[in-house]
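Student: For reference, the structure I am asking about is given below.
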Amino acid sequence: MATAPAHAQSSDEDGLTLSGALRVRYEMLEGQYRPALPSRDDGLFVQTAIAADYRSGPWHLSAELVDARGYWIDAPGATGANEINALELSRASIGYRDGPVALTAGRLHLNLGSRRLSARNAFRNTINSFTGLRLDWNGPNDDTLTAFYVLPHTRLPNDREGVIANRVRWDRESFDLAFWGAHYTRPDLFDGITLQANVFGLNERDGDNGATRNRQLLTAGARLHRAPEAGTWDIDMEGAVQTGTIRQSLAPNAQRQDVRAFFGHAEIGYSADLPGDPRVSLMFDIASGDDPRSATFTRFDTLYGARRWEFGPSGIFGPLARTNIIAPGLRLEAAPASRWDVMALWRPAWVHSRRDRFSNSGPADPSGTSGRFAGHMLEVRLGHWLIEDRVRLEAGTALLTTGSYLDDAPNAPGFGDTRYAYGQMILNF
């Protein structure tokens with residue numbers, strides 16, 4: 001059930017492979033939950049991707065140009081550098097394979113494991129890109145190990161005027177922000193269960209990106225996963241702990257705090273062996289929030305992960321995130337007819353810490369008197385492939401009802417429930 005443009009999938013055969021995708025999406029939101037923004041927001045977002053892969057023996061050259069633009073953007077509004085990144089060389093790398101080992105250098109993407117901590121974005125208009133080195137190893141039991149040291153790209157422009165104008169500026173990378181680590185996968189460990197384990201590091205300092213909180217984070221986690229299959233139960237259990245240090249503010253002389261944060265995901269699903277391949281799943285997510293009274297910083301940082309498939313549409317909506325949250329959930333999926341798919345998702349959400357902000361950009365109540373319940377998030381999505389794997393139409397709607405936290409926090413906008421809808425067309429070529 002694809003929900004985003006496909007990108008280049010290079011074959012193992014020698015030669016040149018060209019591919020591309022065009023996605024056009026209109027988004028509309030009413031009842032803004034973010035403070036200091038108007039009640040209504042909308043925009044037309046266009047992402048164009050053109051990719052080329054060339055293989056010759058052990059060598060692999062790869063490049064991808066991504067043009068992410070927005071039109072009819074309100075000012076002020078929720079659209080920023082996460083949605084606009086005009087004419088960017090997102091991938092440009094050279095790789096060499098020697099038996100089970102492959103080394104890649106240059107601009108690249110990192111789609112690792114569950115994608116909760118490092119992902120190529122599927123729904124968001126822009127894509128996480130990095131510059132650096134990646135080493136891949138394939139073991140004798142179909143196990144794999146990926147190790148990397150990369151510099152994350154800072155998307156430019158990041159000023160309001162430049163974003164609205166779709167100004168073309170080359171993204172910036174520097175050693176002031178480094179992302180490194182390793183990810184291991186062992187399939188069919190037992191009873192169809194795949195084991196994944198990872199260690200990721202993030203090192204940040206003031207420099208080309210201006211004042212920062214100088215994050216020095218180490219994130220270690222593991223996952224047990226069994227893929228959905230007709231007539232069987234599937235599971236997805238993942239957790240991670242985060243340690244390190246962070247400054248209390250952007251001020252250069254701000255006191256440093258120790259970091260102690262965590263996140264966990266638990267999901268169990270069943271795929272019925274019936275026409276339409278219906279699947280129902282129960283899930284639970286928890287990610288720690290911060291208490292400003294504590295000397296330790298405890299808000300979980302999801303690094304470069306994606307969230308759309310678990311927390312609803314991102315884009316100008318995106319109220320739920322893998323930070324300061326407690327959220328059970330129920331998801332229903334089916335393919336009722338050839339080339340049609342439908343999904344429904346319900347997630348009630350509480351803040352883990354009542355003194356921390358809601359999500360990444362929502363209201364906050366440092367006094368802790370607004371309770372914990374944020375509200376209910378409900379989503380419905382319908383998709384249809386006009387031409388299988390080539391042309392897809394998709395539409396969806398979501399609702400965030402306001403609980404006590406979103407109603408009573410001191411800086412809550414007071415617009416009531418948030419209503420969101422989108423429609424998009426995807427053309428793969």
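Residue numbering restarts at 1 in every chain; chains get A, B, ... in the order shown in the structure tokens, and ligands count up from 1 in that same order.
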Contacts of A:Ala344 at 10 Å or less, counting only C-alpha atoms, minus same-chain residues fewer than 3 places along, as a PDB file with all heavy atoms, in the first residue's frame?

Tutor:
ATOM      1  N   VAL A 280      -6.048  -6.311  11.081  1.00  0.00           N
ATOM      2  CA  VAL A 280      -6.340  -5.472  12.229  1.00  0.00           C
ATOM      3  C   VAL A 280      -5.141  -5.545  13.168  1.00  0.00           C
ATOM      4  O   VAL A 280      -4.531  -6.616  13.332  1.00  0.00           O
ATOM      5  CB  VAL A 280      -7.635  -5.918  12.948  1.00  0.00           C
ATOM      6  CG1 VAL A 280      -7.534  -7.349  13.410  1.00  0.00           C
ATOM      7  CG2 VAL A 280      -7.949  -4.988  14.108  1.00  0.00           C
ATOM      8  N   GLY A 312      -0.259   9.078  11.863  1.00  0.00           N
ATOM      9  CA  GLY A 312      -1.090   9.887  10.982  1.00  0.00           C
ATOM     10  C   GLY A 312      -0.271  10.757  10.062  1.00  0.00           C
ATOM     11  O   GLY A 312       0.959  10.792  10.114  1.00  0.00           O
ATOM     12  N   LEU A 330      -5.534   1.580  17.395  1.00  0.00           N
ATOM     13  CA  LEU A 330      -6.189   0.513  16.640  1.00  0.00           C
ATOM     14  C   LEU A 330      -6.151   0.882  15.165  1.00  0.00           C
ATOM     15  O   LEU A 330      -6.530   2.000  14.789  1.00  0.00           O
ATOM     16  CB  LEU A 330      -7.644   0.362  17.092  1.00  0.00           C
ATOM     17  CG  LEU A 330      -8.519  -0.612  16.296  1.00  0.00           C
ATOM     18  CD1 LEU A 330      -8.028  -2.044  16.451  1.00  0.00           C
ATOM     19  CD2 LEU A 330      -9.976  -0.489  16.720  1.00  0.00           C
ATOM     20  N   ARG A 331      -5.674  -0.054  14.324  1.00  0.00           N
ATOM     21  CA  ARG A 331      -5.571   0.203  12.896  1.00  0.00           C
ATOM     22  C   ARG A 331      -6.247  -0.927  12.121  1.00  0.00           C
ATOM     23  O   ARG A 331      -6.070  -2.109  12.422  1.00  0.00           O
ATOM     24  CB  ARG A 331      -4.110   0.333  12.467  1.00  0.00           C
ATOM     25  CG  ARG A 331      -3.921   0.588  10.962  1.00  0.00           C
ATOM     26  CD  ARG A 331      -2.492   0.984  10.635  1.00  0.00           C
ATOM     27  NE  ARG A 331      -1.533   0.055  11.192  1.00  0.00           N
ATOM     28  CZ  ARG A 331      -0.251   0.373  11.442  1.00  0.00           C
ATOM     29  NH1 ARG A 331       0.180   1.595  11.210  1.00  0.00           N
ATOM     30  NH2 ARG A 331       0.573  -0.524  11.941  1.00  0.00           N
ATOM     31  N   LEU A 332      -7.007  -0.540  11.086  1.00  0.00           N
ATOM     32  CA  LEU A 332      -7.662  -1.486  10.188  1.00  0.00           C
ATOM     33  C   LEU A 332      -7.178  -1.210   8.776  1.00  0.00           C
ATOM     34  O   LEU A 332      -7.176  -0.053   8.328  1.00  0.00           O
ATOM     35  CB  LEU A 332      -9.182  -1.344  10.257  1.00  0.00           C
ATOM     36  CG  LEU A 332      -9.829  -1.517  11.632  1.00  0.00           C
ATOM     37  CD1 LEU A 332     -11.316  -1.169  11.560  1.00  0.00           C
ATOM     38  CD2 LEU A 332      -9.650  -2.937  12.142  1.00  0.00           C
ATOM     39  N   GLU A 333      -6.800  -2.267   8.049  1.00  0.00           N
ATOM     40  CA  GLU A 333      -6.320  -2.132   6.669  1.00  0.00           C
ATOM     41  C   GLU A 333      -6.990  -3.192   5.807  1.00  0.00           C
ATOM     42  O   GLU A 333      -7.236  -4.316   6.262  1.00  0.00           O
ATOM     43  CB  GLU A 333      -4.805  -2.304   6.592  1.00  0.00           C
ATOM     44  CG  GLU A 333      -4.005  -1.366   7.463  1.00  0.00           C
ATOM     45  CD  GLU A 333      -2.550  -1.802   7.570  1.00  0.00           C
ATOM     46  OE1 GLU A 333      -2.244  -2.614   8.466  1.00  0.00           O
ATOM     47  OE2 GLU A 333      -1.744  -1.335   6.746  1.00  0.00           O
ATOM     48  N   ALA A 334      -7.253  -2.846   4.553  1.00  0.00           N
ATOM     49  CA  ALA A 334      -7.845  -3.817   3.633  1.00  0.00           C
ATOM     50  C   ALA A 334      -7.637  -3.353   2.202  1.00  0.00           C
ATOM     51  O   ALA A 334      -7.370  -2.173   1.938  1.00  0.00           O
ATOM     52  CB  ALA A 334      -9.339  -3.999   3.912  1.00  0.00           C
ATOM     53  N   LEU A 378      -7.934  10.557  14.757  1.00  0.00           N
ATOM     54  CA  LEU A 378      -8.586   9.584  13.887  1.00  0.00           C
ATOM     55  C   LEU A 378      -8.224   9.901  12.440  1.00  0.00           C
ATOM     56  O   LEU A 378      -8.240  11.069  12.032  1.00  0.00           O
ATOM     57  CB  LEU A 378     -10.102   9.615  14.062  1.00  0.00           C
ATOM     58  CG  LEU A 378     -10.629   9.323  15.471  1.00  0.00           C
ATOM     59  CD1 LEU A 378     -10.973  10.635  16.163  1.00  0.00           C
ATOM     60  CD2 LEU A 378     -11.835   8.417  15.418  1.00  0.00           C
ATOM     61  N   GLU A 379      -7.921   8.856  11.672  1.00  0.00           N
ATOM     62  CA  GLU A 379      -7.534   9.037  10.267  1.00  0.00           C
ATOM     63  C   GLU A 379      -8.203   7.981   9.403  1.00  0.00           C
ATOM     64  O   GLU A 379      -8.336   6.817   9.805  1.00  0.00           O
ATOM     65  CB  GLU A 379      -6.017   8.929  10.098  1.00  0.00           C
ATOM     66  CG  GLU A 379      -5.561   9.096   8.651  1.00  0.00           C
ATOM     67  CD  GLU A 379      -4.172   8.572   8.359  1.00  0.00           C
ATOM     68  OE1 GLU A 379      -3.518   8.049   9.289  1.00  0.00           O
ATOM     69  OE2 GLU A 379      -3.743   8.674   7.196  1.00  0.00           O
ATOM     70  N   VAL A 380      -8.593   8.373   8.190  1.00  0.00           N
ATOM     71  CA  VAL A 380      -9.085   7.455   7.167  1.00  0.00           C
ATOM     72  C   VAL A 380      -8.380   7.789   5.858  1.00  0.00           C
ATOM     73  O   VAL A 380      -8.264   8.976   5.499  1.00  0.00           O
ATOM     74  CB  VAL A 380     -10.614   7.559   6.980  1.00  0.00           C
ATOM     75  CG1 VAL A 380     -11.071   6.635   5.848  1.00  0.00           C
ATOM     76  CG2 VAL A 380     -11.340   7.208   8.267  1.00  0.00           C
ATOM     77  N   ARG A 381      -7.900   6.753   5.166  1.00  0.00           N
ATOM     78  CA  ARG A 381      -7.182   6.956   3.896  1.00  0.00           C
ATOM     79  C   ARG A 381      -7.708   5.984   2.855  1.00  0.00           C
ATOM     80  O   ARG A 381      -7.959   4.813   3.146  1.00  0.00           O
ATOM     81  CB  ARG A 381      -5.683   6.704   4.107  1.00  0.00           C
ATOM     82  CG  ARG A 381      -4.817   7.012   2.888  1.00  0.00           C
ATOM     83  CD  ARG A 381      -3.439   6.414   3.033  1.00  0.00           C
ATOM     84  NE  ARG A 381      -3.433   4.960   2.857  1.00  0.00           N
ATOM     85  CZ  ARG A 381      -2.639   4.129   3.505  1.00  0.00           C
ATOM     86  NH1 ARG A 381      -1.802   4.570   4.419  1.00  0.00           N
ATOM     87  NH2 ARG A 381      -2.698   2.816   3.268  1.00  0.00           N
ATOM     88  N   LEU A 382      -7.858   6.466   1.633  1.00  0.00           N
ATOM     89  CA  LEU A 382      -8.295   5.639   0.508  1.00  0.00           C
ATOM     90  C   LEU A 382      -7.341   5.848  -0.657  1.00  0.00           C
ATOM     91  O   LEU A 382      -7.049   6.994  -1.022  1.00  0.00           O
ATOM     92  CB  LEU A 382      -9.723   6.014   0.089  1.00  0.00           C
ATOM     93  CG  LEU A 382     -10.306   5.259  -1.109  1.00  0.00           C
ATOM     94  CD1 LEU A 382     -10.498   3.787  -0.762  1.00  0.00           C
ATOM     95  CD2 LEU A 382     -11.633   5.891  -1.540  1.00  0.00           C
ATOM     96  N   GLY A 396      -7.167  11.434   1.934  1.00  0.00           N
ATOM     97  CA  GLY A 396      -7.274  11.080   3.338  1.00  0.00           C
ATOM     98  C   GLY A 396      -7.775  12.249   4.154  1.00  0.00           C
ATOM     99  O   GLY A 396      -7.720  13.407   3.732  1.00  0.00           O
ATOM    100  N   THR A 397      -8.283  11.930   5.311  1.00  0.00           N
ATOM    101  CA  THR A 397      -8.738  12.959   6.242  1.00  0.00           C
ATOM    102  C   THR A 397      -8.386  12.527   7.649  1.00  0.00           C
ATOM    103  O   THR A 397      -8.273  11.321   7.935  1.00  0.00           O
ATOM    104  CB  THR A 397     -10.257  13.204   6.109  1.00  0.00           C
ATOM    105  OG1 THR A 397     -10.636  14.291   6.955  1.00  0.00           O
ATOM    106  CG2 THR A 397     -11.043  11.971   6.488  1.00  0.00           C
ATOM    107  N   ALA A 398      -8.173  13.498   8.522  1.00  0.00           N
ATOM    108  CA  ALA A 398      -7.811  13.206   9.910  1.00  0.00           C
ATOM    109  C   ALA A 398      -8.439  14.244  10.817  1.00  0.00           C
ATOM    110  O   ALA A 398      -8.708  15.383  10.409  1.00  0.00           O
ATOM    111  CB  ALA A 398      -6.291  13.193  10.088  1.00  0.00           C
TER     112      ALA A 398
END

Student: What lies within 9 Å of stretch 272-276 of chain A using only C-alpha atoms, ignoring chain neighbours under 2 positions off, as a list in words?

Tutor: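 My reading of the contact set: Glu229, Ala230, Gly231, Thr232, Tyr270, Pro278, Arg279, Val280, Ala334, Ala335, Pro336, Ala337, Ser338 and Asp341 of chain A.
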
Student: Please produce an output containing N, CA, C and O atoms for each residue in the selection, written as a compact mmCIF listing (two decimals), in the first residue's frame.

Tutor:
# COMPACT_ATOMS: atom_id res chain seq x y z
N GLU A 229 1.26 -11.81 7.40
CA GLU A 229 1.04 -12.88 6.43
C GLU A 229 -0.37 -13.41 6.62
O GLU A 229 -0.85 -13.53 7.77
N ALA A 230 -1.05 -13.72 5.54
CA ALA A 230 -2.45 -14.14 5.60
C ALA A 230 -2.63 -15.34 6.53
O ALA A 230 -1.90 -16.33 6.44
N GLY A 231 -3.61 -15.21 7.43
CA GLY A 231 -3.96 -16.31 8.32
C GLY A 231 -3.07 -16.43 9.54
O GLY A 231 -3.17 -17.44 10.26
N THR A 232 -2.21 -15.46 9.80
CA THR A 232 -1.29 -15.56 10.94
C THR A 232 -1.24 -14.24 11.70
O THR A 232 -1.67 -13.20 11.22
N TYR A 270 -3.28 -9.15 13.12
CA TYR A 270 -3.76 -10.40 12.53
C TYR A 270 -4.26 -10.11 11.12
O TYR A 270 -5.07 -9.20 10.92
N PRO A 278 -7.84 -8.33 4.75
CA PRO A 278 -8.02 -7.43 5.89
C PRO A 278 -7.02 -7.73 7.00
O PRO A 278 -6.69 -8.90 7.28
N ARG A 279 -6.53 -6.68 7.63
CA ARG A 279 -5.61 -6.80 8.77
C ARG A 279 -6.05 -5.83 9.85
O ARG A 279 -6.37 -4.68 9.58
N VAL A 280 -6.05 -6.31 11.08
CA VAL A 280 -6.34 -5.47 12.23
C VAL A 280 -5.14 -5.55 13.17
O VAL A 280 -4.53 -6.62 13.33
N ALA A 334 -7.25 -2.85 4.55
CA ALA A 334 -7.85 -3.82 3.63
C ALA A 334 -7.64 -3.35 2.20
O ALA A 334 -7.37 -2.17 1.94
N ALA A 335 -7.74 -4.31 1.28
CA ALA A 335 -7.72 -4.03 -0.16
C ALA A 335 -9.04 -4.53 -0.73
O ALA A 335 -9.13 -5.67 -1.20
N PRO A 336 -10.10 -3.74 -0.66
CA PRO A 336 -11.45 -4.23 -0.98
C PRO A 336 -11.66 -4.62 -2.43
O PRO A 336 -12.61 -5.34 -2.75
N ALA A 337 -10.84 -4.11 -3.33
CA ALA A 337 -10.96 -4.45 -4.75
C ALA A 337 -9.58 -4.32 -5.38
O ALA A 337 -8.65 -3.77 -4.79
N SER A 338 -9.46 -4.83 -6.59
CA SER A 338 -8.19 -4.78 -7.29
C SER A 338 -7.69 -3.34 -7.41
O SER A 338 -8.41 -2.46 -7.85
N ASP A 341 -7.04 0.30 -1.89
CA ASP A 341 -6.68 0.02 -0.51
C ASP A 341 -7.27 1.08 0.40
O ASP A 341 -7.46 2.24 -0.01

Student: How close does each residue of stretch 127-187 of chain A get to stretch 47-67 of chain A, giving the shortest atom pair and distance in Å to one decimal for every residue with an atom at most 12 Å away, counting only C-alpha atoms, sorted by chain and residue number, as CSV?

Tutor:
residue,atom,partner,partner_atom,distance
A:Ile127,CA,A:Val66,CA,8.3
A:Asn128,CA,A:Val66,CA,11.1
A:Ser129,CA,A:Val66,CA,10.6
A:Asn166,CA,A:Asp67,CA,9.8
A:Arg167,CA,A:Asp67,CA,11.1
A:Val168,CA,A:Asp67,CA,9.4
A:Arg169,CA,A:Asp67,CA,11.5
A:Trp170,CA,A:Asp67,CA,11.6
A:Asp171,CA,A:Val66,CA,11.9

Student: List as a list in words the protein and nucleic acid residues near A:Val259, meaning an atom at most 6 Å away when only C-alpha atoms are counted, but skip any in the same chain fewer than 5 places from it.

Tutor: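 So, after excluding close chain neighbours, the residues are Thr243, Gly244, Thr245, Thr296, Phe297 and Thr298 of chain A.
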
Student: Write the residues of the selection above to a file with N, CA and C atoms, as a JSON list (two decimals), in the first residue's frame.

Tutor:
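As written to disk, part-v3.json reads:
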[["chain", "number", "residue", "atom", "x", "y", "z"],
["A", 243, "THR", "N", 21.03, 8.25, 25.99],
["A", 243, "THR", "CA", 21.85, 8.88, 27.02],
["A", 243, "THR", "C", 22.72, 9.94, 26.38],
["A", 244, "GLY", "N", 23.45, 10.70, 27.20],
["A", 244, "GLY", "CA", 24.35, 11.73, 26.70],
["A", 244, "GLY", "C", 24.18, 13.01, 27.48],
["A", 245, "THR", "N", 24.41, 14.14, 26.81],
["A", 245, "THR", "CA", 24.27, 15.46, 27.43],
["A", 245, "THR", "C", 23.64, 16.42, 26.44],
["A", 296, "THR", "N", 17.90, 16.34, 35.08],
["A", 296, "THR", "CA", 18.14, 15.46, 33.94],
["A", 296, "THR", "C", 17.15, 15.76, 32.83],
["A", 297, "PHE", "N", 17.63, 15.74, 31.59],
["A", 297, "PHE", "CA", 16.77, 15.97, 30.43],
["A", 297, "PHE", "C", 16.24, 14.64, 29.96],
["A", 298, "THR", "N", 14.90, 14.52, 29.84],
["A", 298, "THR", "CA", 14.29, 13.22, 29.59],
["A", 298, "THR", "C", 13.37, 13.19, 28.38]]

Student: Quick one: everything within 8 Å of stretch 144-157 of chain A, counting only C-alpha atoms, minus sequence neighbours fewer than 4 positions away in the same chain. Send it as a PyMOL selection string.

Tutor: chain A and resi 81-82+85+128-139+162-163+167-175+177-186+209
